[in-house]
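To start, the structure itself, in structure tokens.
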Amino acid sequence: MRRRAGASLRCRGTDRVEDVIAALLTVIAAAGLLFAFSAGSSAHADAGERGHAEAMTRLQTDAILTEDAPMVVMMDGPGAAHAVLTAGAATWSAPDGTLRTGQVPVTSGARKGEIRPIWIDRDGALADAPTSAAVAVLAAVITGAEILLLTAAVIAGAWLGTRRVTALVNSRAWEREWAAIEPQWRRNPR
């Protein structure tokens, strides 16, 4: 049987359905990529702005330990241990010059008199370090990756579902065709 020029090699109805769904899923994949890039860029910008705002309201200063920090050791396995972060009593100066005291994060076993850098707010209270550029990049990567993974899961699920349904439809069609042809084939052995 000769085919017309340009005739599709895929001629079953289920083949056409698969072609249409594949095209739609390709569009969804492209939209997912664009959305992932846009959301990642937005997450980066938000984290960067937050870091800038935090940097405007926080100061880094030095705290002086007023007593030895407790020794805390974490066992990683037989014969493998490392010191962990703990809290130690310390003093530091607030922006207005008043002396403040409190617990600051230190490595376990830190000694009295050691100096530790800390972050404080405008009132001199302890604060977290401002959001860094690395955290902004990480937020962008995680946001984009989440959207890409979700898009990939939707596409894979839709494609696998489509293939399952079309395979079932094709199988039933082949069974009907065989039921019609098999009796004739048995009667006319060649």
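Going through the structure tokens in order, the chains are called A, B, and so on, while each chain numbers its residues from 1 and the ligands are numbered from 1 in the order shown.
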
Query - strand (DSSP E) residues, from DSSP on the backbone, in segment 81-129 of chain A, as JSON, numbers by chain - result: {"A": [81, 82, 83, 85, 86, 87, 88, 89, 90, 91, 92, 93, 99, 100, 101, 102, 103, 104, 105, 106, 107, 115, 116, 117, 118, 119, 120, 121, 126, 127]}

Can you spit out the residues from that selection as a compact mmCIF listing (two decimals), in the first residue's frame, using C-alpha atoms?
```
# COMPACT_ATOMS: atom_id res chain seq x y z
CA ALA A 81 33.37 13.59 68.02
CA HIS A 82 33.04 17.29 67.38
CA ALA A 83 32.16 20.35 69.42
CA LEU A 85 27.31 25.40 69.17
CA THR A 86 26.00 26.34 72.58
CA ALA A 87 25.21 29.55 74.45
CA GLY A 88 27.66 31.50 76.55
CA ALA A 89 27.26 34.49 78.88
CA ALA A 90 28.65 37.67 77.33
CA THR A 91 28.57 41.47 77.38
CA TRP A 92 28.46 43.94 74.48
CA SER A 93 27.82 47.61 73.87
CA LEU A 99 26.44 47.80 78.31
CA ARG A 100 24.25 44.78 77.57
CA THR A 101 24.50 41.21 78.83
CA GLY A 102 23.00 37.97 77.60
CA GLN A 103 23.59 34.57 76.10
CA VAL A 104 25.31 34.53 72.71
CA PRO A 105 25.99 31.59 70.39
CA VAL A 106 29.49 30.19 70.84
CA THR A 107 31.37 26.99 70.15
CA ILE A 115 35.56 37.84 71.66
CA ARG A 116 32.66 36.69 69.45
CA PRO A 117 31.07 38.71 66.65
CA ILE A 118 27.30 39.14 67.10
CA TRP A 119 24.47 41.04 65.42
CA ILE A 120 22.28 43.48 67.35
CA ASP A 121 19.30 45.65 66.51
CA LEU A 126 20.61 40.29 69.92
CA ALA A 127 19.42 39.77 66.34
```

Report task. As a ChimeraX atom specification, list the residues of segment 81-181 of chain A assigned to alpha helix (DSSP H) by DSSP on the backbone atoms of this structure. Result -> /A:133-181

Got time to write the residues from that selection, C-alpha atoms, as a short mmCIF file (atom, residue, chain, number, x, y, z; two decimals), in the first residue's frame?
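File produced: part.cif:
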```cif
data_model
loop_
_atom_site.label_atom_id
_atom_site.label_comp_id
_atom_site.auth_asym_id
_atom_site.auth_seq_id
_atom_site.Cartn_x
_atom_site.Cartn_y
_atom_site.Cartn_z
CA ALA A 133 23.29 37.07 49.05
CA ALA A 134 23.93 33.32 49.27
CA VAL A 135 20.58 32.82 51.02
CA ALA A 136 18.89 34.88 48.29
CA VAL A 137 20.43 32.65 45.60
CA LEU A 138 19.44 29.53 47.54
CA ALA A 139 15.85 30.82 47.81
CA ALA A 140 15.78 31.34 44.04
CA VAL A 141 17.17 27.88 43.31
CA ILE A 142 14.80 26.12 45.70
CA THR A 143 11.76 28.01 44.42
CA GLY A 144 12.63 27.33 40.79
CA ALA A 145 13.44 23.68 41.47
CA GLU A 146 10.16 23.12 43.32
CA ILE A 147 8.19 24.48 40.39
CA LEU A 148 10.21 22.46 37.87
CA LEU A 149 9.70 19.26 39.88
CA LEU A 150 5.98 19.90 40.22
CA THR A 151 5.71 20.62 36.49
CA ALA A 152 7.67 17.47 35.66
CA ALA A 153 5.44 15.40 37.95
CA VAL A 154 2.28 16.78 36.33
CA ILE A 155 3.64 16.17 32.83
CA ALA A 156 4.86 12.65 33.65
CA GLY A 157 1.55 11.77 35.30
CA ALA A 158 -0.48 13.14 32.41
CA TRP A 159 1.67 11.36 29.82
CA LEU A 160 1.65 8.04 31.65
CA GLY A 161 -2.11 8.32 32.10
CA THR A 162 -2.56 9.11 28.42
CA ARG A 163 -0.41 6.17 27.36
CA ARG A 164 -2.30 3.84 29.69
CA VAL A 165 -5.69 4.90 28.35
CA THR A 166 -4.62 4.76 24.69
CA ALA A 167 -3.00 1.36 25.20
CA LEU A 168 -6.23 0.10 26.74
CA VAL A 169 -8.30 1.52 23.86
CA ASN A 170 -5.90 0.02 21.30
CA SER A 171 -5.94 -3.35 23.05
CA ARG A 172 -9.72 -3.48 23.01
CA ALA A 173 -9.77 -2.48 19.34
CA TRP A 174 -7.28 -5.23 18.50
CA GLU A 175 -9.40 -7.75 20.41
CA ARG A 176 -12.50 -6.73 18.42
CA GLU A 177 -10.57 -6.92 15.13
CA TRP A 178 -9.14 -10.30 16.02
CA ALA A 179 -12.59 -11.60 17.01
CA ALA A 180 -13.86 -10.59 13.56
CA ILE A 181 -10.87 -11.88 11.55
#
```

**Report entry** Nearest to Pro95 of chain A, chosen from A:Val27, A:Leu65, A:Leu59, A:Met71, with only C-alpha atoms counted in the distances
**Finding:** A:Leu59

Requested in this report: Could you tell me how far atom CA of Gly109 of chain A lies from atom CA of Asp62 of chain A, in Å and to one decimal?
Outcome: 18.3 Å

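Picture a line from atom CA of Ala63 of chain A to atom CA of Arg111 of chain A; it runs 12.5 Å.
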
Query raised in the report: What gap, in Å, lies between atom CA of Gln60 of chain A and atom CA of Ser108 of chain A?
Result: 21.5 Å

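The smallest atom-to-atom distance between Arg58 of chain A and any of A:Gly13, A:Arg187, A:Thr131, A:Glu182, using only C-alpha atoms, is found for A:Thr131.
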